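Engineer: Contents are mmCIF, C-alpha atoms; file name model.cif:
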```cif
data_model
#
loop_
_atom_site.label_atom_id
_atom_site.label_comp_id
_atom_site.auth_asym_id
_atom_site.auth_seq_id
_atom_site.Cartn_x
_atom_site.Cartn_y
_atom_site.Cartn_z
CA ALA A 1 17.74 -3.31 -1.52
CA GLN A 2 14.45 -5.15 -1.42
CA SER A 3 12.03 -6.51 -3.98
CA VAL A 4 8.88 -8.59 -4.22
CA THR A 5 7.73 -10.92 -6.96
CA GLN A 6 4.19 -12.18 -7.13
CA LEU A 7 4.41 -15.20 -9.34
CA ASP A 8 0.90 -15.07 -10.78
CA SER A 9 -0.81 -11.99 -12.17
CA HIS A 10 -4.18 -13.79 -12.21
CA VAL A 11 -5.53 -16.73 -10.21
CA SER A 12 -8.93 -18.24 -10.83
CA VAL A 13 -10.60 -20.69 -8.45
CA SER A 14 -14.03 -22.12 -7.84
CA GLU A 15 -15.96 -21.21 -4.74
CA GLY A 16 -15.16 -23.62 -1.92
CA THR A 17 -11.76 -24.67 -3.29
CA PRO A 18 -8.37 -23.70 -1.82
CA VAL A 19 -6.59 -20.46 -2.69
CA LEU A 20 -2.83 -20.12 -3.15
CA LEU A 21 -1.26 -16.77 -4.03
CA ARG A 22 2.50 -16.97 -4.38
CA CYS A 23 5.03 -14.39 -3.29
CA ASN A 24 8.82 -14.37 -3.23
CA TYR A 25 10.85 -11.59 -1.70
CA SER A 26 14.38 -10.31 -1.59
CA SER A 27 15.71 -8.24 1.25
CA SER A 28 19.13 -7.36 2.56
CA TYR A 29 17.78 -7.17 6.07
CA SER A 30 15.32 -9.13 8.19
CA PRO A 31 12.09 -8.13 6.54
CA SER A 32 8.59 -7.39 7.63
CA LEU A 33 6.12 -8.90 5.18
CA PHE A 34 2.50 -8.02 4.60
CA TRP A 35 -0.41 -9.10 2.47
CA TYR A 36 -2.98 -6.46 1.54
CA VAL A 37 -6.24 -6.82 -0.35
CA GLN A 38 -7.74 -4.16 -2.59
CA HIS A 39 -11.28 -4.21 -3.90
CA PRO A 40 -12.06 -2.13 -7.02
CA ASN A 41 -11.63 1.61 -6.47
CA LYS A 42 -10.93 1.07 -2.79
CA GLY A 43 -7.94 1.49 -0.52
CA LEU A 44 -5.83 -1.32 0.86
CA GLN A 45 -6.89 -3.53 3.72
CA LEU A 46 -4.30 -5.42 5.74
CA LEU A 47 -4.89 -9.18 5.70
CA LEU A 48 -1.92 -10.25 7.76
CA LYS A 49 1.66 -9.41 8.66
CA TYR A 50 4.90 -11.17 9.53
CA THR A 51 7.21 -9.29 11.88
CA SER A 52 9.79 -11.90 12.94
CA ALA A 53 7.62 -13.76 15.44
CA ALA A 54 5.77 -16.96 14.45
CA THR A 55 6.47 -18.05 10.88
CA LEU A 56 2.87 -19.16 10.29
CA VAL A 57 0.74 -16.07 10.38
CA LYS A 58 -3.03 -16.08 10.58
CA GLY A 59 -4.98 -13.16 9.23
CA ILE A 60 -8.51 -12.01 8.73
CA ASN A 61 -11.21 -13.78 6.72
CA GLY A 62 -9.54 -17.20 7.04
CA PHE A 63 -6.32 -16.27 5.25
CA GLU A 64 -2.91 -17.34 6.45
CA ALA A 65 0.67 -17.16 5.20
CA GLU A 66 3.89 -18.94 6.04
CA PHE A 67 7.26 -17.21 6.12
CA LYS A 68 9.93 -19.53 4.72
CA LYS A 69 13.32 -17.93 4.95
CA SER A 70 15.13 -20.75 3.11
CA GLU A 71 12.81 -20.31 0.14
CA THR A 72 12.42 -16.52 0.55
CA SER A 73 8.70 -17.05 0.18
CA PHE A 74 5.58 -15.74 1.86
CA HIS A 75 2.68 -17.45 0.10
CA LEU A 76 -0.91 -16.61 0.99
CA THR A 77 -3.44 -19.42 1.40
CA LYS A 78 -7.06 -19.97 2.30
CA PRO A 79 -8.68 -23.41 2.62
CA SER A 80 -11.97 -22.49 0.97
CA ALA A 81 -12.57 -19.54 -1.34
CA HIS A 82 -15.63 -17.35 -1.02
CA MET A 83 -17.14 -15.15 -3.68
CA SER A 84 -16.33 -12.10 -1.57
CA ASP A 85 -12.60 -12.95 -1.77
CA ALA A 86 -12.52 -11.81 -5.40
CA ALA A 87 -10.15 -8.82 -5.39
CA GLU A 88 -6.54 -7.86 -6.02
CA TYR A 89 -3.92 -8.96 -3.53
CA PHE A 90 -0.56 -7.34 -2.90
CA CYS A 91 2.45 -8.88 -1.21
CA VAL A 92 4.56 -6.19 0.43
CA VAL A 93 8.02 -6.20 1.96
CA SER A 94 9.56 -3.67 4.27
CA GLY A 95 13.00 -3.33 5.66
CA LEU A 96 12.87 -2.87 9.39
CA GLY A 97 12.73 0.74 10.45
CA ASN A 98 16.15 0.57 11.99
CA ALA A 99 17.79 -1.36 9.19
CA GLY A 100 19.02 1.64 7.28
CA GLY A 101 19.93 1.66 3.62
CA THR A 102 17.92 2.98 0.71
CA SER A 103 14.91 0.87 1.67
CA TYR A 104 14.72 2.52 5.06
CA GLY A 105 11.13 2.87 6.15
CA LYS A 106 9.71 2.09 2.71
CA LEU A 107 7.23 -0.49 1.58
CA THR A 108 7.92 -2.29 -1.67
CA PHE A 109 4.85 -3.70 -3.40
CA GLY A 110 4.55 -6.73 -5.60
CA GLN A 111 2.82 -6.37 -8.92
CA GLY A 112 -0.45 -7.69 -7.56
CA THR A 113 -2.48 -10.86 -8.14
CA ILE A 114 -6.07 -10.63 -9.25
CA LEU A 115 -8.14 -13.39 -7.68
CA THR A 116 -11.30 -14.47 -9.49
CA VAL A 117 -13.76 -16.77 -7.74
CA HIS A 118 -16.25 -18.69 -9.87
CA PRO A 119 -19.58 -19.96 -8.51
CA GLY B 1 -8.60 1.47 15.54
CA ALA B 2 -5.99 2.72 13.06
CA VAL B 3 -8.35 4.39 10.63
CA VAL B 4 -7.12 6.68 7.88
CA SER B 5 -9.48 8.84 5.87
CA GLN B 6 -9.01 10.72 2.62
CA HIS B 7 -10.98 13.60 1.22
CA PRO B 8 -12.29 13.92 -1.38
CA SER B 9 -12.85 10.37 -2.56
CA ARG B 10 -13.32 11.55 -6.11
CA VAL B 11 -12.52 14.83 -7.86
CA ILE B 12 -12.81 16.07 -11.40
CA CYS B 13 -11.04 19.26 -12.37
CA LYS B 14 -10.07 21.27 -15.42
CA SER B 15 -6.58 21.26 -16.82
CA GLY B 16 -4.43 23.96 -15.25
CA THR B 17 -6.19 24.08 -11.91
CA SER B 18 -4.85 22.86 -8.57
CA VAL B 19 -6.37 20.15 -6.45
CA LYS B 20 -5.81 19.47 -2.76
CA ILE B 21 -6.23 16.01 -1.23
CA GLU B 22 -6.38 15.53 2.53
CA CYS B 23 -5.24 12.51 4.47
CA ARG B 24 -6.18 12.17 8.13
CA SER B 25 -5.37 9.63 10.80
CA LEU B 26 -8.55 9.49 12.84
CA ASP B 27 -7.56 7.62 15.98
CA PHE B 28 -3.78 7.72 16.21
CA GLN B 29 -0.92 10.14 15.77
CA ALA B 30 0.89 9.62 12.50
CA THR B 31 4.48 10.73 12.75
CA THR B 32 5.00 9.69 9.13
CA MET B 33 2.64 9.74 6.20
CA PHE B 34 3.20 8.39 2.74
CA TRP B 35 1.66 9.26 -0.61
CA TYR B 36 1.27 6.66 -3.35
CA ARG B 37 0.02 6.77 -6.88
CA GLN B 38 -1.66 3.85 -8.58
CA PHE B 39 -2.14 3.64 -12.33
CA PRO B 40 -4.91 1.45 -13.75
CA LYS B 41 -4.17 -2.24 -13.32
CA LYS B 42 -0.81 -1.41 -11.75
CA SER B 43 0.75 -1.62 -8.35
CA LEU B 44 1.28 1.26 -5.96
CA MET B 45 4.17 3.62 -6.56
CA LEU B 46 5.55 5.58 -3.63
CA MET B 47 5.64 9.28 -4.42
CA ALA B 48 6.88 10.79 -1.19
CA THR B 49 7.36 10.38 2.52
CA SER B 50 6.49 13.13 4.93
CA ASN B 51 7.36 13.48 8.57
CA GLU B 52 5.36 15.84 10.73
CA GLY B 53 6.89 19.27 10.83
CA SER B 54 9.54 18.68 8.18
CA LYS B 55 9.84 18.75 4.43
CA ALA B 56 8.70 15.75 2.45
CA THR B 57 11.19 13.40 0.84
CA TYR B 58 10.29 12.71 -2.77
CA GLU B 59 11.08 9.58 -4.72
CA GLN B 60 13.20 9.83 -7.81
CA GLY B 61 11.25 11.12 -10.78
CA VAL B 62 8.48 12.77 -8.75
CA GLU B 63 8.27 16.53 -9.30
CA LYS B 64 8.20 18.19 -5.90
CA ASP B 65 7.01 21.50 -7.35
CA LYS B 66 4.05 19.78 -8.94
CA PHE B 67 3.08 17.56 -6.03
CA LEU B 68 3.20 19.72 -2.92
CA ILE B 69 3.02 17.85 0.35
CA ASN B 70 2.37 19.38 3.72
CA HIS B 71 2.34 17.48 7.02
CA ALA B 72 1.40 20.21 9.41
CA SER B 73 0.10 18.11 12.27
CA LEU B 74 0.29 14.58 13.60
CA THR B 75 -3.10 13.76 12.10
CA LEU B 76 -3.15 15.59 8.78
CA SER B 77 -1.15 15.54 5.58
CA THR B 78 -2.16 17.19 2.34
CA LEU B 79 -1.15 16.58 -1.26
CA THR B 80 -1.71 19.42 -3.70
CA VAL B 81 -1.47 18.67 -7.38
CA THR B 82 -0.58 22.03 -8.94
CA SER B 83 -1.46 23.00 -12.51
CA ALA B 84 -3.00 19.60 -13.09
CA HIS B 85 -2.92 18.02 -16.52
CA PRO B 86 -4.70 14.95 -17.90
CA GLU B 87 -1.60 12.81 -17.34
CA ASP B 88 -1.95 13.50 -13.61
CA SER B 89 -5.24 11.61 -13.61
CA SER B 90 -4.76 8.67 -11.30
CA PHE B 91 -5.73 7.02 -8.03
CA TYR B 92 -3.86 8.61 -5.13
CA ILE B 93 -3.59 6.71 -1.86
CA CYS B 94 -2.10 7.89 1.40
CA SER B 95 -0.90 5.83 4.33
CA ALA B 96 0.04 6.69 7.86
CA ARG B 97 2.43 5.19 10.36
CA ALA B 98 2.51 5.73 14.08
CA LEU B 99 5.78 6.10 15.93
CA SER B 100 5.10 2.78 17.66
CA GLN B 101 5.01 1.07 14.26
CA TRP B 102 8.37 2.42 13.13
CA THR B 103 10.23 -0.82 13.78
CA TYR B 104 8.09 -3.02 11.56
CA ASN B 105 6.87 -0.22 9.30
CA GLU B 106 3.21 -1.15 9.44
CA GLN B 107 1.26 1.45 7.52
CA PHE B 108 -2.48 2.07 7.53
CA PHE B 109 -3.97 3.05 4.21
CA GLY B 110 -6.65 5.53 3.30
CA PRO B 111 -9.45 4.65 0.88
CA GLY B 112 -7.88 6.58 -1.98
CA THR B 113 -8.81 9.58 -4.12
CA ARG B 114 -9.69 9.25 -7.78
CA LEU B 115 -8.45 12.34 -9.65
CA THR B 116 -9.66 13.00 -13.17
CA VAL B 117 -8.25 15.98 -15.04
CA LEU B 118 -10.20 17.07 -18.10
#
```
I need this file expressed as structure tokens, please.

Structural biologist:
Amino acid sequence: AQSVTQLDSHVSVSEGTPVLLRCNYSSSYSPSLFWYVQHPNKGLQLLLKYTSAATLVKGINGFEAEFKKSETSFHLTKPSAHMSDAAEYFCVVSGLGNAGGTSYGKLTFGQGTILTVHP
Amino acid sequence: GAVVSQHPSRVICKSGTSVKIECRSLDFQATTMFWYRQFPKKSLMLMATSNEGSKATYEQGVEKDKFLINHASLTLSTLTVTSAHPEDSSFYICSARALSQWTYNEQFFGPGTRLTVL
């Protein structure tokens, strides 16, 4: 079984300040982890992914995330927020395709974190 | 690369009618496509998984006779909402996965379809 918990439903920051969106996961198998961003009434855009290579993953638009197995965390960070970063962010876990079990081939989404950026 | 399109982006229909939503992978072959539903201010809920040329696998609680899924080719999957009712109004999002992405299950998402049933 696998699950994802996004610890904050809303995060508000000022433009130019750091962003931290927290995510904890649970997985019976070595997971793949993703962060997606969704702007209002739009589909999902992949920010970055962890697939068992480097634990510090760099993504698009200055975002990065660190996979910490001991803490079962995959927090998303950005050094300096921009107004265009305002959106909803989803942390997603997937069991590996060959891992089997009921989570086989499925993505499990966190509840989402709405990021607000103030001028 | 890895672009997924959906059509239509927005549809309004009368109660009792059927609506078809198309999902296409534009620049890769999608051996597996997924259909999600997203309620307002909620996360995505997986409805079904379809593999090209075979029947879709529906998640628990999803009515397969109401939400018909066809994955006739490696670039096209369709979701038909039959006898739509107002409670079917939602944002439907598809995703596609290439065979090469099977190991890590990276999926590419379409832009979504807003369905409103009057």

Engineer: Please determine the contact residues of chain A with respect to chain B at a cut-off of 12 Å, counting all atoms listed in the file, and supply them as an NGL selection string.

Structural biologist: :A and (4-6 or 9-10 or 29-53 or 87-100 or 102-114)

Engineer: Grab the residues selected above and save them as an mmCIF file, keeping the file's coordinate frame with C-alpha atoms.

Structural biologist:
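Contents of the output file result.cif:
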```
data_model
loop_
_atom_site.group_PDB
_atom_site.id
_atom_site.type_symbol
_atom_site.label_atom_id
_atom_site.label_comp_id
_atom_site.auth_asym_id
_atom_site.auth_seq_id
_atom_site.Cartn_x
_atom_site.Cartn_y
_atom_site.Cartn_z
ATOM 1 C CA VAL A 4 8.880 -8.590 -4.220
ATOM 2 C CA THR A 5 7.730 -10.920 -6.960
ATOM 3 C CA GLN A 6 4.190 -12.180 -7.130
ATOM 4 C CA SER A 9 -0.810 -11.990 -12.170
ATOM 5 C CA HIS A 10 -4.180 -13.790 -12.210
ATOM 6 C CA TYR A 29 17.780 -7.170 6.070
ATOM 7 C CA SER A 30 15.320 -9.130 8.190
ATOM 8 C CA PRO A 31 12.090 -8.130 6.540
ATOM 9 C CA SER A 32 8.590 -7.390 7.630
ATOM 10 C CA LEU A 33 6.120 -8.900 5.180
ATOM 11 C CA PHE A 34 2.500 -8.020 4.600
ATOM 12 C CA TRP A 35 -0.410 -9.100 2.470
ATOM 13 C CA TYR A 36 -2.980 -6.460 1.540
ATOM 14 C CA VAL A 37 -6.240 -6.820 -0.350
ATOM 15 C CA GLN A 38 -7.740 -4.160 -2.590
ATOM 16 C CA HIS A 39 -11.280 -4.210 -3.900
ATOM 17 C CA PRO A 40 -12.060 -2.130 -7.020
ATOM 18 C CA ASN A 41 -11.630 1.610 -6.470
ATOM 19 C CA LYS A 42 -10.930 1.070 -2.790
ATOM 20 C CA GLY A 43 -7.940 1.490 -0.520
ATOM 21 C CA LEU A 44 -5.830 -1.320 0.860
ATOM 22 C CA GLN A 45 -6.890 -3.530 3.720
ATOM 23 C CA LEU A 46 -4.300 -5.420 5.740
ATOM 24 C CA LEU A 47 -4.890 -9.180 5.700
ATOM 25 C CA LEU A 48 -1.920 -10.250 7.760
ATOM 26 C CA LYS A 49 1.660 -9.410 8.660
ATOM 27 C CA TYR A 50 4.900 -11.170 9.530
ATOM 28 C CA THR A 51 7.210 -9.290 11.880
ATOM 29 C CA SER A 52 9.790 -11.900 12.940
ATOM 30 C CA ALA A 53 7.620 -13.760 15.440
ATOM 31 C CA ALA A 87 -10.150 -8.820 -5.390
ATOM 32 C CA GLU A 88 -6.540 -7.860 -6.020
ATOM 33 C CA TYR A 89 -3.920 -8.960 -3.530
ATOM 34 C CA PHE A 90 -0.560 -7.340 -2.900
ATOM 35 C CA CYS A 91 2.450 -8.880 -1.210
ATOM 36 C CA VAL A 92 4.560 -6.190 0.430
ATOM 37 C CA VAL A 93 8.020 -6.200 1.960
ATOM 38 C CA SER A 94 9.560 -3.670 4.270
ATOM 39 C CA GLY A 95 13.000 -3.330 5.660
ATOM 40 C CA LEU A 96 12.870 -2.870 9.390
ATOM 41 C CA GLY A 97 12.730 0.740 10.450
ATOM 42 C CA ASN A 98 16.150 0.570 11.990
ATOM 43 C CA ALA A 99 17.790 -1.360 9.190
ATOM 44 C CA GLY A 100 19.020 1.640 7.280
ATOM 45 C CA THR A 102 17.920 2.980 0.710
ATOM 46 C CA SER A 103 14.910 0.870 1.670
ATOM 47 C CA TYR A 104 14.720 2.520 5.060
ATOM 48 C CA GLY A 105 11.130 2.870 6.150
ATOM 49 C CA LYS A 106 9.710 2.090 2.710
ATOM 50 C CA LEU A 107 7.230 -0.490 1.580
ATOM 51 C CA THR A 108 7.920 -2.290 -1.670
ATOM 52 C CA PHE A 109 4.850 -3.700 -3.400
ATOM 53 C CA GLY A 110 4.550 -6.730 -5.600
ATOM 54 C CA GLN A 111 2.820 -6.370 -8.920
ATOM 55 C CA GLY A 112 -0.450 -7.690 -7.560
ATOM 56 C CA THR A 113 -2.480 -10.860 -8.140
ATOM 57 C CA ILE A 114 -6.070 -10.630 -9.250
#
```

Engineer: If I take atom CA of Leu74 of chain B and atom CA of Gly53 of chain B, how far is one from the other in Å, to one decimal?

Structural biologist: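 If I compute the distance from atom CA of Leu74 of chain B to atom CA of Gly53 of chain B, I get 8.6 Å.
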
Engineer: Considering only C-alpha atoms, state which residue in the set B:Asn51, B:Leu26, B:Asp88, B:His7 is at the smallest distance from Lys66 of chain B.

Structural biologist: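 Among the listed residues, the smallest separation from Lys66 of chain B belongs to B:Asp88.
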
Engineer: Running the PyMOL selection byres ((chain A and resi 3) around 6) on this model by hand, what would come out? Give it as a ChimeraX atom specification.

Structural biologist: /A:2,4,25-26

Engineer: Have a look at B:Tyr36, B:Glu59, B:Ala2, B:Phe67 and name the one nearest to Leu79 of chain B; count only C-alpha atoms.

Structural biologist: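 Counting only C-alpha atoms, the residue closest to Leu79 of chain B is B:Phe67.
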
Engineer: Could you check the closest approach to Val11 of chain A for each of A:Ala86, A:Val57, A:Asn24, A:Lys68 and tell me which residue wins, using all atoms listed in the file?

Structural biologist: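 Of A:Ala86, A:Val57, A:Asn24, A:Lys68, the one nearest Val11 of chain A is A:Ala86, counting all atoms listed in the file.
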
Engineer: Any idea what the distance is between atom CA of His75 of chain A and atom CA of Val117 of chain A?

Structural biologist: 18.2 Å

Engineer: Got a sec to check which residues sit within 8 Å of (-9.1, -23.7, 0.8), counting all atoms listed in the file, and write them as number ranges by chain?

Structural biologist: A: 16-19, 77-81

Engineer: Just the residues within 10 Å of Cys13 of chain B, please, counting only C-alpha atoms, with nothing from its chain fewer than 2 positions along; format it as a PyMOL selection string.

Structural biologist: chain B and resi 11+15-19+84-86+89+115-118

Engineer: Which residues fall under the PyMOL selection byres ((chain B and resi 55) around 10) in this file, as a list of chain:residue names?

Structural biologist: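 Selection result, ordered by chain and number: B:Thr49, B:Ser50, B:Asn51, B:Glu52, B:Gly53, B:Ser54, B:Ala56, B:Thr57, B:Tyr58, B:Leu68, B:Ile69, B:Asn70, B:His71, B:Ala72.
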